[in-house]
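To be precise, the following lines are run-v3.cif, and they hold mmCIF, C-alpha atoms.
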```cif
data_protein
#
loop_
_atom_site.group_PDB
_atom_site.id
_atom_site.type_symbol
_atom_site.label_atom_id
_atom_site.label_comp_id
_atom_site.auth_asym_id
_atom_site.auth_seq_id
_atom_site.Cartn_x
_atom_site.Cartn_y
_atom_site.Cartn_z
ATOM 1 C CA MET A 1 97.428 121.029 78.858
ATOM 2 C CA LYS A 2 97.700 123.776 81.480
ATOM 3 C CA LYS A 3 100.632 123.725 83.874
ATOM 4 C CA LEU A 4 99.756 122.267 87.278
ATOM 5 C CA SER A 5 101.488 123.774 90.309
ATOM 6 C CA VAL A 6 101.407 122.639 93.931
ATOM 7 C CA ILE A 7 102.256 125.557 96.209
ATOM 8 C CA ALA A 8 102.842 124.942 99.908
ATOM 9 C CA PHE A 9 102.309 127.922 102.207
ATOM 10 C CA GLY A 10 104.767 127.971 105.101
ATOM 11 C CA GLY A 11 103.988 129.190 108.588
ATOM 12 C CA ASN A 12 105.139 132.712 107.729
ATOM 13 C CA ALA A 13 102.327 132.945 105.184
ATOM 14 C CA LEU A 14 99.860 132.555 108.045
ATOM 15 C CA LEU A 15 101.445 133.732 111.286
ATOM 16 C CA ARG A 16 104.763 135.499 111.827
ATOM 17 C CA GLY A 17 106.978 134.808 114.821
ATOM 18 C CA ASP A 18 106.502 138.279 116.336
ATOM 19 C CA GLN A 19 102.682 138.187 116.121
ATOM 20 C CA LYS A 20 100.041 137.069 118.625
ATOM 21 C CA GLY A 21 97.886 135.241 116.100
ATOM 22 C CA THR A 22 94.782 137.433 115.997
ATOM 23 C CA ILE A 23 92.365 136.835 113.147
ATOM 24 C CA ASP A 24 93.248 140.243 111.692
ATOM 25 C CA GLU A 25 96.957 139.393 111.637
ATOM 26 C CA GLN A 26 96.423 135.990 110.057
ATOM 27 C CA GLU A 27 93.964 137.220 107.432
ATOM 28 C CA GLN A 28 96.332 140.013 106.407
ATOM 29 C CA ASN A 29 99.227 137.556 106.114
ATOM 30 C CA VAL A 30 97.151 135.193 103.987
ATOM 31 C CA TYR A 31 95.921 138.063 101.819
ATOM 32 C CA ASP A 32 99.491 139.265 101.220
ATOM 33 C CA THR A 33 100.634 135.749 100.282
ATOM 34 C CA CYS A 34 97.689 135.154 97.949
ATOM 35 C CA GLN A 35 98.550 138.317 96.028
ATOM 36 C CA HIS A 36 101.744 136.628 94.868
ATOM 37 C CA LEU A 37 99.718 133.827 93.215
ATOM 38 C CA VAL A 38 97.932 136.184 90.845
ATOM 39 C CA GLU A 39 100.574 136.120 88.116
ATOM 40 C CA ARG A 40 100.548 132.317 87.914
ATOM 41 C CA ILE A 41 96.740 132.318 87.849
ATOM 42 C CA LYS A 42 96.718 134.937 85.065
ATOM 43 C CA GLN A 43 99.099 132.701 83.118
ATOM 44 C CA GLY A 44 96.468 129.992 83.307
ATOM 45 C CA HIS A 45 98.156 127.681 85.806
ATOM 46 C CA ASN A 46 96.031 125.152 87.624
ATOM 47 C CA ILE A 47 96.904 125.443 91.300
ATOM 48 C CA VAL A 48 96.747 123.295 94.410
ATOM 49 C CA ILE A 49 97.527 125.042 97.716
ATOM 50 C CA ALA A 50 98.811 123.245 100.785
ATOM 51 C CA HIS A 51 99.621 124.897 104.097
ATOM 52 C CA GLY A 52 101.307 124.403 107.435
ATOM 53 C CA ASN A 53 99.661 124.656 110.850
ATOM 54 C CA GLY A 54 102.485 124.409 113.393
ATOM 55 C CA PRO A 55 101.714 127.596 115.362
ATOM 56 C CA GLN A 56 97.950 127.159 115.028
ATOM 57 C CA VAL A 57 97.687 123.503 116.058
ATOM 58 C CA GLY A 58 99.929 124.180 119.037
ATOM 59 C CA ASN A 59 97.665 127.033 120.090
ATOM 60 C CA VAL A 60 94.566 124.850 119.682
ATOM 61 C CA LEU A 61 96.168 122.215 121.923
ATOM 62 C CA LEU A 62 96.773 124.920 124.542
ATOM 63 C CA GLN A 63 93.143 126.054 124.244
ATOM 64 C CA HIS A 64 91.960 122.492 124.881
ATOM 65 C CA ASP A 65 94.278 122.267 127.866
ATOM 66 C CA ALA A 66 92.899 125.525 129.277
ATOM 67 C CA GLY A 67 89.335 124.309 128.724
ATOM 68 C CA LYS A 68 90.126 121.188 130.721
ATOM 69 C CA LYS A 69 91.513 123.221 133.622
ATOM 70 C CA LEU A 70 88.783 125.873 133.719
ATOM 71 C CA TYR A 71 85.658 123.984 132.716
ATOM 72 C CA ASN A 72 86.608 120.284 132.799
ATOM 73 C CA LEU A 73 86.057 120.034 129.049
ATOM 74 C CA PRO A 74 87.496 116.894 127.420
ATOM 75 C CA VAL A 75 90.888 117.348 125.769
ATOM 76 C CA GLN A 76 90.791 116.228 122.142
ATOM 77 C CA PRO A 77 93.650 114.326 120.452
ATOM 78 C CA ILE A 78 96.136 115.945 118.102
ATOM 79 C CA ASP A 79 94.561 114.512 114.922
ATOM 80 C CA PHE A 80 91.281 116.187 115.908
ATOM 81 C CA CYS A 81 93.117 119.477 116.445
ATOM 82 C CA VAL A 82 94.780 119.130 113.024
ATOM 83 C CA ALA A 83 91.294 118.773 111.527
ATOM 84 C CA GLU A 84 90.206 121.938 113.346
ATOM 85 C CA THR A 85 93.098 123.912 111.904
ATOM 86 C CA GLN A 86 92.581 122.462 108.423
ATOM 87 C CA GLY A 87 89.076 123.883 108.471
ATOM 88 C CA SER A 88 89.946 127.277 109.947
ATOM 89 C CA ILE A 89 93.063 127.897 107.834
ATOM 90 C CA GLY A 90 91.368 126.571 104.695
ATOM 91 C CA PHE A 91 88.562 129.048 105.350
ATOM 92 C CA MET A 92 91.039 131.940 105.667
ATOM 93 C CA ILE A 93 92.898 131.026 102.482
ATOM 94 C CA GLU A 94 89.684 130.582 100.493
ATOM 95 C CA GLN A 95 88.244 133.867 101.778
ATOM 96 C CA GLN A 96 91.337 135.986 101.159
ATOM 97 C CA LEU A 97 92.067 134.381 97.791
ATOM 98 C CA ARG A 98 88.508 135.193 96.691
ATOM 99 C CA ASN A 99 89.143 138.809 97.675
ATOM 100 C CA VAL A 100 92.402 138.901 95.709
ATOM 101 C CA LEU A 101 90.826 137.317 92.629
ATOM 102 C CA ALA A 102 87.885 139.749 92.718
ATOM 103 C CA GLU A 103 90.275 142.713 92.856
ATOM 104 C CA ASN A 104 91.978 141.367 89.727
ATOM 105 C CA ASP A 105 88.735 140.530 87.857
ATOM 106 C CA ILE A 106 89.574 136.824 87.847
ATOM 107 C CA GLU A 107 86.884 134.158 88.138
ATOM 108 C CA ARG A 108 88.047 130.819 89.496
ATOM 109 C CA ASN A 109 86.284 128.308 91.703
ATOM 110 C CA ILE A 110 88.016 127.614 95.034
ATOM 111 C CA VAL A 111 87.567 124.365 96.967
ATOM 112 C CA ALA A 112 88.972 123.684 100.469
ATOM 113 C CA LEU A 113 89.106 119.967 101.277
ATOM 114 C CA ILE A 114 89.399 118.286 104.666
ATOM 115 C CA SER A 115 91.944 115.583 103.871
ATOM 116 C CA GLN A 116 93.428 112.661 105.737
ATOM 117 C CA VAL A 117 96.929 111.288 105.251
ATOM 118 C CA ILE A 118 97.774 107.676 105.996
ATOM 119 C CA VAL A 119 100.872 106.932 108.097
ATOM 120 C CA ASP A 120 102.447 103.841 109.659
ATOM 121 C CA LYS A 121 101.471 103.592 113.338
ATOM 122 C CA ASN A 122 104.879 101.942 113.950
ATOM 123 C CA ASP A 123 106.854 104.755 112.311
ATOM 124 C CA PRO A 124 110.041 105.421 114.365
ATOM 125 C CA ALA A 125 109.051 109.110 114.450
ATOM 126 C CA PHE A 126 106.622 108.302 117.271
ATOM 127 C CA HIS A 127 109.656 107.651 119.480
ATOM 128 C CA LYS A 128 111.594 110.724 118.334
ATOM 129 C CA PRO A 129 109.400 113.846 118.095
ATOM 130 C CA THR A 130 110.748 116.622 115.834
ATOM 131 C CA LYS A 131 107.767 118.659 114.589
ATOM 132 C CA PRO A 132 107.528 122.115 116.282
ATOM 133 C CA VAL A 133 104.039 123.222 117.306
ATOM 134 C CA GLY A 134 102.695 126.194 119.195
ATOM 135 C CA PRO A 135 104.407 129.329 120.522
ATOM 136 C CA PHE A 136 107.992 130.011 121.541
ATOM 137 C CA TYR A 137 108.942 129.702 125.207
ATOM 138 C CA SER A 138 111.927 130.719 127.280
ATOM 139 C CA LYS A 139 114.190 127.902 128.483
ATOM 140 C CA GLU A 140 112.745 128.231 131.994
ATOM 141 C CA GLU A 141 109.136 128.032 130.747
ATOM 142 C CA ALA A 142 109.955 125.057 128.537
ATOM 143 C CA ASP A 143 111.595 123.203 131.419
ATOM 144 C CA GLU A 144 108.582 123.825 133.669
ATOM 145 C CA LEU A 145 106.118 122.564 131.027
ATOM 146 C CA ALA A 146 108.282 119.548 130.248
ATOM 147 C CA ALA A 147 108.321 118.601 133.937
ATOM 148 C CA ALA A 148 104.599 119.231 134.450
ATOM 149 C CA LYS A 149 103.203 117.695 131.246
ATOM 150 C CA GLY A 150 105.897 115.419 129.890
ATOM 151 C CA TRP A 151 106.168 117.485 126.709
ATOM 152 C CA VAL A 152 109.361 117.473 124.645
ATOM 153 C CA PHE A 153 110.969 120.798 123.652
ATOM 154 C CA HIS A 154 113.653 121.726 121.106
ATOM 155 C CA GLU A 155 115.432 125.036 120.770
ATOM 156 C CA ASP A 156 114.596 126.969 117.622
ATOM 157 C CA PRO A 157 117.559 126.951 115.186
ATOM 158 C CA ARG A 158 117.378 130.756 114.954
ATOM 159 C CA LYS A 159 117.543 131.106 118.724
ATOM 160 C CA ARG A 160 114.038 132.583 118.970
ATOM 161 C CA GLY A 161 113.169 130.368 121.936
ATOM 162 C CA TRP A 162 112.020 126.835 122.665
ATOM 163 C CA ARG A 163 109.030 125.064 121.094
ATOM 164 C CA ARG A 164 107.145 121.896 121.865
ATOM 165 C CA VAL A 165 107.816 119.102 119.378
ATOM 166 C CA VAL A 166 105.524 116.189 118.498
ATOM 167 C CA ALA A 167 105.797 113.077 116.367
ATOM 168 C CA SER A 168 105.940 113.632 112.603
ATOM 169 C CA PRO A 169 105.573 110.289 110.787
ATOM 170 C CA LYS A 170 106.170 109.939 107.068
ATOM 171 C CA PRO A 171 103.044 110.337 104.899
ATOM 172 C CA LEU A 172 102.351 107.164 102.916
ATOM 173 C CA GLU A 173 99.058 107.723 101.124
ATOM 174 C CA ILE A 174 96.531 110.498 100.469
ATOM 175 C CA PRO A 175 93.104 108.890 99.972
ATOM 176 C CA SER A 176 91.580 111.963 98.290
ATOM 177 C CA TRP A 177 94.350 112.626 95.732
ATOM 178 C CA LYS A 178 92.217 111.653 92.721
ATOM 179 C CA ASP A 179 89.577 114.193 93.715
ATOM 180 C CA VAL A 180 92.247 116.851 94.151
ATOM 181 C CA GLU A 181 93.653 116.159 90.679
ATOM 182 C CA ARG A 182 90.243 116.105 89.001
ATOM 183 C CA LEU A 183 89.133 119.383 90.570
ATOM 184 C CA ALA A 184 92.469 121.094 89.847
ATOM 185 C CA ARG A 185 92.624 120.013 86.213
ATOM 186 C CA GLU A 186 89.022 121.159 85.766
ATOM 187 C CA GLY A 187 90.192 124.639 86.795
ATOM 188 C CA SER A 188 89.305 124.848 90.488
ATOM 189 C CA ILE A 189 91.932 126.147 92.893
ATOM 190 C CA VAL A 190 92.136 123.371 95.482
ATOM 191 C CA ILE A 191 93.289 123.714 99.104
ATOM 192 C CA ALA A 192 94.339 120.290 100.382
ATOM 193 C CA VAL A 193 96.521 118.340 102.880
ATOM 194 C CA GLY A 194 96.439 121.322 105.227
ATOM 195 C CA GLY A 195 98.838 120.968 108.125
ATOM 196 C CA GLY A 196 100.239 117.870 106.438
ATOM 197 C CA GLY A 197 96.838 116.204 106.451
ATOM 198 C CA ILE A 198 94.939 114.609 109.328
ATOM 199 C CA PRO A 199 97.145 111.670 110.419
ATOM 200 C CA ALA A 200 95.494 108.254 110.397
ATOM 201 C CA TYR A 201 96.310 104.579 109.932
ATOM 202 C CA PHE A 202 94.495 101.372 108.988
ATOM 203 C CA ASN A 203 94.071 98.863 111.805
ATOM 204 C CA GLU A 204 94.057 95.082 111.394
ATOM 205 C CA LYS A 205 90.402 95.157 110.313
ATOM 206 C CA GLY A 206 90.964 97.886 107.736
ATOM 207 C CA LYS A 207 89.306 100.583 109.828
ATOM 208 C CA VAL A 208 90.718 104.123 109.596
ATOM 209 C CA ILE A 209 91.929 105.351 112.996
ATOM 210 C CA GLY A 210 93.282 108.799 113.821
ATOM 211 C CA ILE A 211 96.656 109.032 115.562
ATOM 212 C CA ASP A 212 98.453 111.665 117.658
ATOM 213 C CA ALA A 213 100.917 113.346 115.303
ATOM 214 C CA VAL A 214 101.450 116.301 112.977
ATOM 215 C CA VAL A 215 102.606 115.208 109.524
ATOM 216 C CA ASP A 216 105.123 117.501 107.886
ATOM 217 C CA LYS A 217 103.212 119.600 105.376
ATOM 218 C CA ASP A 218 106.104 119.745 102.918
ATOM 219 C CA LEU A 219 106.452 115.966 102.692
ATOM 220 C CA ALA A 220 102.681 115.542 102.392
ATOM 221 C CA SER A 221 102.521 118.282 99.740
ATOM 222 C CA SER A 222 105.364 116.649 97.820
ATOM 223 C CA LEU A 223 103.590 113.283 97.904
ATOM 224 C CA LEU A 224 100.420 114.942 96.635
ATOM 225 C CA ALA A 225 102.360 116.748 93.883
ATOM 226 C CA ASN A 226 103.757 113.422 92.672
ATOM 227 C CA LYS A 227 100.383 111.702 92.868
ATOM 228 C CA ILE A 228 98.663 114.324 90.705
ATOM 229 C CA LYS A 229 101.676 114.606 88.350
ATOM 230 C CA ALA A 230 102.240 118.296 89.028
ATOM 231 C CA ASP A 231 104.682 120.139 86.781
ATOM 232 C CA GLU A 232 105.980 122.316 89.590
ATOM 233 C CA PHE A 233 106.281 122.070 93.364
ATOM 234 C CA CYS A 234 106.870 125.279 95.329
ATOM 235 C CA ILE A 235 107.499 125.682 99.039
ATOM 236 C CA LEU A 236 106.972 129.213 100.330
ATOM 237 C CA THR A 237 108.944 129.982 103.472
ATOM 238 C CA ASP A 238 110.406 133.018 105.265
ATOM 239 C CA VAL A 239 113.797 133.107 103.536
ATOM 240 C CA PRO A 240 114.438 133.848 99.835
ATOM 241 C CA ASN A 241 116.801 130.893 99.318
ATOM 242 C CA VAL A 242 118.232 127.796 100.916
ATOM 243 C CA TYR A 243 121.707 128.376 102.361
ATOM 244 C CA ILE A 244 124.609 126.203 103.364
ATOM 245 C CA ASN A 245 126.542 127.259 106.478
ATOM 246 C CA PHE A 246 123.414 129.212 107.434
ATOM 247 C CA HIS A 247 124.265 131.994 109.919
ATOM 248 C CA LYS A 248 127.852 130.676 110.050
ATOM 249 C CA PRO A 249 131.161 131.689 108.463
ATOM 250 C CA GLY A 250 131.127 130.815 104.764
ATOM 251 C CA GLU A 251 127.363 131.179 104.406
ATOM 252 C CA GLN A 252 126.382 130.535 100.766
ATOM 253 C CA LYS A 253 123.099 131.035 98.950
ATOM 254 C CA LEU A 254 121.968 128.129 96.766
ATOM 255 C CA GLU A 255 120.276 129.037 93.489
ATOM 256 C CA LYS A 256 120.048 126.265 90.861
ATOM 257 C CA VAL A 257 121.092 122.967 92.421
ATOM 258 C CA THR A 258 121.004 119.394 91.124
ATOM 259 C CA VAL A 259 119.401 116.623 93.137
ATOM 260 C CA ASP A 260 122.786 114.999 93.700
ATOM 261 C CA GLU A 261 124.338 118.230 95.003
ATOM 262 C CA MET A 262 121.443 118.827 97.387
ATOM 263 C CA LYS A 263 121.579 115.259 98.676
ATOM 264 C CA LYS A 264 125.254 115.788 99.568
ATOM 265 C CA HIS A 265 124.425 118.972 101.507
ATOM 266 C CA LEU A 266 121.627 117.157 103.325
ATOM 267 C CA ALA A 267 123.880 114.208 104.196
ATOM 268 C CA ASN A 268 126.496 116.646 105.523
ATOM 269 C CA GLY A 269 124.007 118.045 108.040
ATOM 270 C CA GLN A 270 123.667 121.459 106.409
ATOM 271 C CA PHE A 271 119.921 121.710 107.115
ATOM 272 C CA THR A 272 118.178 121.747 110.489
ATOM 273 C CA GLU A 273 115.527 119.171 111.380
ATOM 274 C CA GLY A 274 112.140 120.746 112.033
ATOM 275 C CA SER A 275 113.124 123.644 109.778
ATOM 276 C CA MET A 276 114.863 123.468 106.366
ATOM 277 C CA ALA A 277 115.711 119.738 106.275
ATOM 278 C CA PRO A 278 112.100 118.550 105.723
ATOM 279 C CA LYS A 279 111.670 121.154 102.959
ATOM 280 C CA VAL A 280 114.774 119.912 101.168
ATOM 281 C CA ARG A 281 113.692 116.272 101.558
ATOM 282 C CA ALA A 282 110.255 117.120 100.189
ATOM 283 C CA CYS A 283 111.752 118.752 97.102
ATOM 284 C CA LEU A 284 114.129 115.854 96.550
ATOM 285 C CA GLN A 285 111.243 113.417 96.904
ATOM 286 C CA PHE A 286 109.246 115.301 94.276
ATOM 287 C CA VAL A 287 112.037 115.497 91.694
ATOM 288 C CA ASP A 288 113.260 111.942 92.376
ATOM 289 C CA ASN A 289 109.769 110.655 91.638
ATOM 290 C CA GLY A 290 109.256 112.306 88.280
ATOM 291 C CA GLY A 291 108.708 115.985 89.062
ATOM 292 C CA LYS A 292 110.407 118.527 86.801
ATOM 293 C CA GLU A 293 111.610 121.031 89.376
ATOM 294 C CA ALA A 294 111.018 122.126 92.933
ATOM 295 C CA ILE A 295 111.434 125.637 94.306
ATOM 296 C CA ILE A 296 112.021 126.911 97.853
ATOM 297 C CA THR A 297 111.607 130.675 98.255
ATOM 298 C CA GLN A 298 109.667 133.541 99.812
ATOM 299 C CA ALA A 299 106.206 134.399 98.496
ATOM 300 C CA GLU A 300 107.562 137.812 97.451
ATOM 301 C CA GLU A 301 110.089 136.127 95.137
ATOM 302 C CA LEU A 302 107.685 133.640 93.567
ATOM 303 C CA ASN A 303 107.237 135.523 90.304
ATOM 304 C CA SER A 304 110.899 136.316 89.753
ATOM 305 C CA PRO A 305 112.427 134.301 86.885
ATOM 306 C CA ASP A 306 115.343 133.447 89.174
ATOM 307 C CA ALA A 307 113.184 132.849 92.236
ATOM 308 C CA GLY A 308 114.723 131.128 95.199
ATOM 309 C CA THR A 309 116.479 127.797 95.216
ATOM 310 C CA ILE A 310 115.557 125.578 92.267
ATOM 311 C CA ILE A 311 116.224 121.844 92.612
ATOM 312 C CA TYR A 312 116.266 119.814 89.407
ATOM 313 C CA GLN A 313 117.340 116.445 88.040
ATOM 314 C CA SER A 314 120.626 116.685 86.155
#
```
Go through the file and emit its structure as structure tokens.
Amino acid sequence: MKKLSVIAFGGNALLRGDQKGTIDEQEQNVYDTCQHLVERIKQGHNIVIAHGNGPQVGNVLLQHDAGKKLYNLPVQPIDFCVAETQGSIGFMIEQQLRNVLAENDIERNIVALISQVIVDKNDPAFHKPTKPVGPFYSKEEADELAAAKGWVFHEDPRKRGWRRVVASPKPLEIPSWKDVERLAREGSIVIAVGGGGIPAYFNEKGKVIGIDAVVDKDLASSLLANKIKADEFCILTDVPNVYINFHKPGEQKLEKVTVDEMKKHLANGQFTEGSMAPKVRACLQFVDNGGKEAIITQAEELNSPDAGTIIYQS
């Protein structure tokens, strides 16, 4: 049986912090990232791609807000905006991956799915927003927006500015996981749970209802990887490894780390919420629930035999 990999594209694979977010910039970023998948595809891996949408969904929310001010257009809820970005980012990944495959004389079907993720409407995360969305602001701009709109802002851990944060409830179920597994094991490259999936819950009558939130894409991707019994779970981010004492005295790169060791680092507060902490939790979740190994690294390091930080069960 061919190896099945779930690979989660981080925000850097789509939009870098110093970019405006033009279509040319995003397509080039996606193209560059997809090039690093070629080796795994040549080796015959079946692949499922997930992706983030933090910058994009924040920008879509701002576009809706501007439309309300200028033309009195109705503002749509966050789950609707997540669906918008799932479609647009899925389109970009499918398009650029097709270009990369054609350049390498590889024929593979590519399927981008619009996928919901079920959450608990009473999740405590709705009272403590942590998920960054949209652009960076100065402290003064963030304070003005917080006062005017009631938004919540957190400072970026790398001191790049302040970003709006929204609720990020834990993903509980992915209704389409069986379709994802079937398509992937048949050889299609599947793009799924984009932006963490469209958040929804079941009401008392069993009806599916969307809810204002952005589910963490790493946790949703990890859940999907477990559901489809993936052999490998990779999170692509903008640093080559996970570090302890990051940007502090005694900074240390982590390479091969057991689940128990990583849990200790997490419990000791080594990883920032809204940044590396969810990635570490997602990897621990995958390995704790039967996965062989999880990797956190840059796209450029993906094909190195010693790529990134590898988390495994001892």
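With all atoms listed in the file as the basis for measurement, A:Tyr31 is the residue among A:Tyr71, A:Phe246, A:Tyr31, A:Phe202 that approaches Leu15 of chain A most closely.
Going from atom CA of Asn109 of chain A to atom CA of Phe91 of chain A covers 13.9 Å.
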Between atom CA of Pro249 of chain A and atom CA of Asn268 of chain A, what is the distance, to one decimal in Å?
-> 16.0 Å
Looking at A:Gly250, A:Gly87, A:Pro175, A:Pro169, which one is nearest to Pro124 of chain A, with distances taken over only C-alpha atoms?
-> A:Pro169
Which neighbours of Glu141 of chain A fall inside 12 Å, counting all atoms listed in the file, when residues of the same chain fewer than 5 positions from it are skipped, and could you give them as JSON, numbers by chain?
-> {"A": [135, 136, 146, 147, 148, 149, 151, 153, 161, 162, 163, 164]}
With distances taken over all atoms listed in the file, which of A:Gly290, A:Pro55, A:Pro129, A:Pro157 is nearest to Val82 of chain A?
->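 Between A:Gly290, A:Pro55, A:Pro129, A:Pro157, the residue approaching Val82 of chain A most closely is A:Pro55.
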Pick from A:Ala282, A:Ala142, A:Met262, A:Leu254: nearest to Lys170 of chain A, with only C-alpha atoms counted?
->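 Nearest to Lys170 of chain A: A:Ala282.
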Considering only C-alpha atoms, state which residue in the set A:Lys2, A:Lys264, A:Lys248, A:Lys42 is at the smallest distance from Leu101 of chain A.
->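 Among the listed residues, the smallest separation from Leu101 of chain A belongs to A:Lys42.
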Identify all residues satisfying the PyMOL selection byres ((chain A and resi 291) around 9) in the given file; provide them as a ChimeraX atom specification.
-> /A:225-226,229-233,285-290,292-294,312-313
Picked residues, the PyMOL selection byres ((chain A and resi 38) around 10), as a list of chain:residue names = A:Thr33, A:Cys34, A:Gln35, A:His36, A:Leu37, A:Glu39, A:Arg40, A:Ile41, A:Lys42, A:Gln43, A:Gly44, A:His45, A:Leu97, A:Val100, A:Leu101, A:Asn104, A:Ile106, A:Asn303
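Shown here are all protein and nucleic acid residues lying within 9 Å of (91.9, 119.8, 95.1), with only C-alpha atoms considered: Ile47, Val48, Ile49, Ile110, Val111, Ala112, Leu113, Ser176, Trp177, Lys178, Asp179, Val180, Glu181, Arg182, Leu183, Ala184, Arg185, Ser188, Ile189, Val190, Ile191 and Ala192 of chain A.
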Sorted per-residue table, segment 151-173 of chain A near segment 272-277 of chain A, closest atoms and distance, 10 Å, only C-alpha atoms, as CSV:
```
residue,atom,partner,partner_atom,distance
A:His154,CA,A:Gly274,CA,9.3
A:Asp156,CA,A:Ser275,CA,8.6
A:Pro157,CA,A:Thr272,CA,7.0
A:Arg158,CA,A:Ser275,CA,9.8
A:Val165,CA,A:Gly274,CA,8.7
A:Ser168,CA,A:Gly274,CA,9.5
```
Judged by all atoms listed in the file, the minimum distance to Glu107 of chain A among A:Cys234, A:Lys20, A:Glu300, A:Gly187 is found for A:Gly187
Please evaluate the PyMOL selection byres ((chain A and resi 214) around 7) against the displayed coordinates and give the resulting residues as a tab-separated table (two decimals) with C-alpha atoms, keeping the file's coordinate frame.
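Ended up saving to result-v5.tsv:
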```tsv
chain	number	residue	atom	x	y	z
A	131	LYS	CA	107.77	118.66	114.59
A	166	VAL	CA	105.52	116.19	118.50
A	167	ALA	CA	105.80	113.08	116.37
A	168	SER	CA	105.94	113.63	112.60
A	196	GLY	CA	100.24	117.87	106.44
A	199	PRO	CA	97.14	111.67	110.42
A	213	ALA	CA	100.92	113.35	115.30
A	215	VAL	CA	102.61	115.21	109.52
A	216	ASP	CA	105.12	117.50	107.89
```
Where's the centre, and what are the edge lengths in Å to one decimal, of a box along x, y and z enclosing all listed atoms of segment 302-313 of chain A padded 8 Å per side, as lines of an AutoDock Vina configuration file?
```
center_x = 112.3
center_y = 126.4
center_z = 91.1
size_x = 26.1
size_y = 35.9
size_z = 24.3
```
Extract, using only C-alpha atoms, all DNA, RNA and protein residues at most 7 Å from Val193 of chain A, discarding same-chain residues fewer than 6 positions from it, and format them as a PyMOL selection string.
-> chain A and resi 50+115+220-221
Spatial neighbours of Ala200 of chain A, 9 Å, only C-alpha atoms, chain gap at least 3 places, as a ChimeraX atom specification | /A:79,116-121,197,208-213
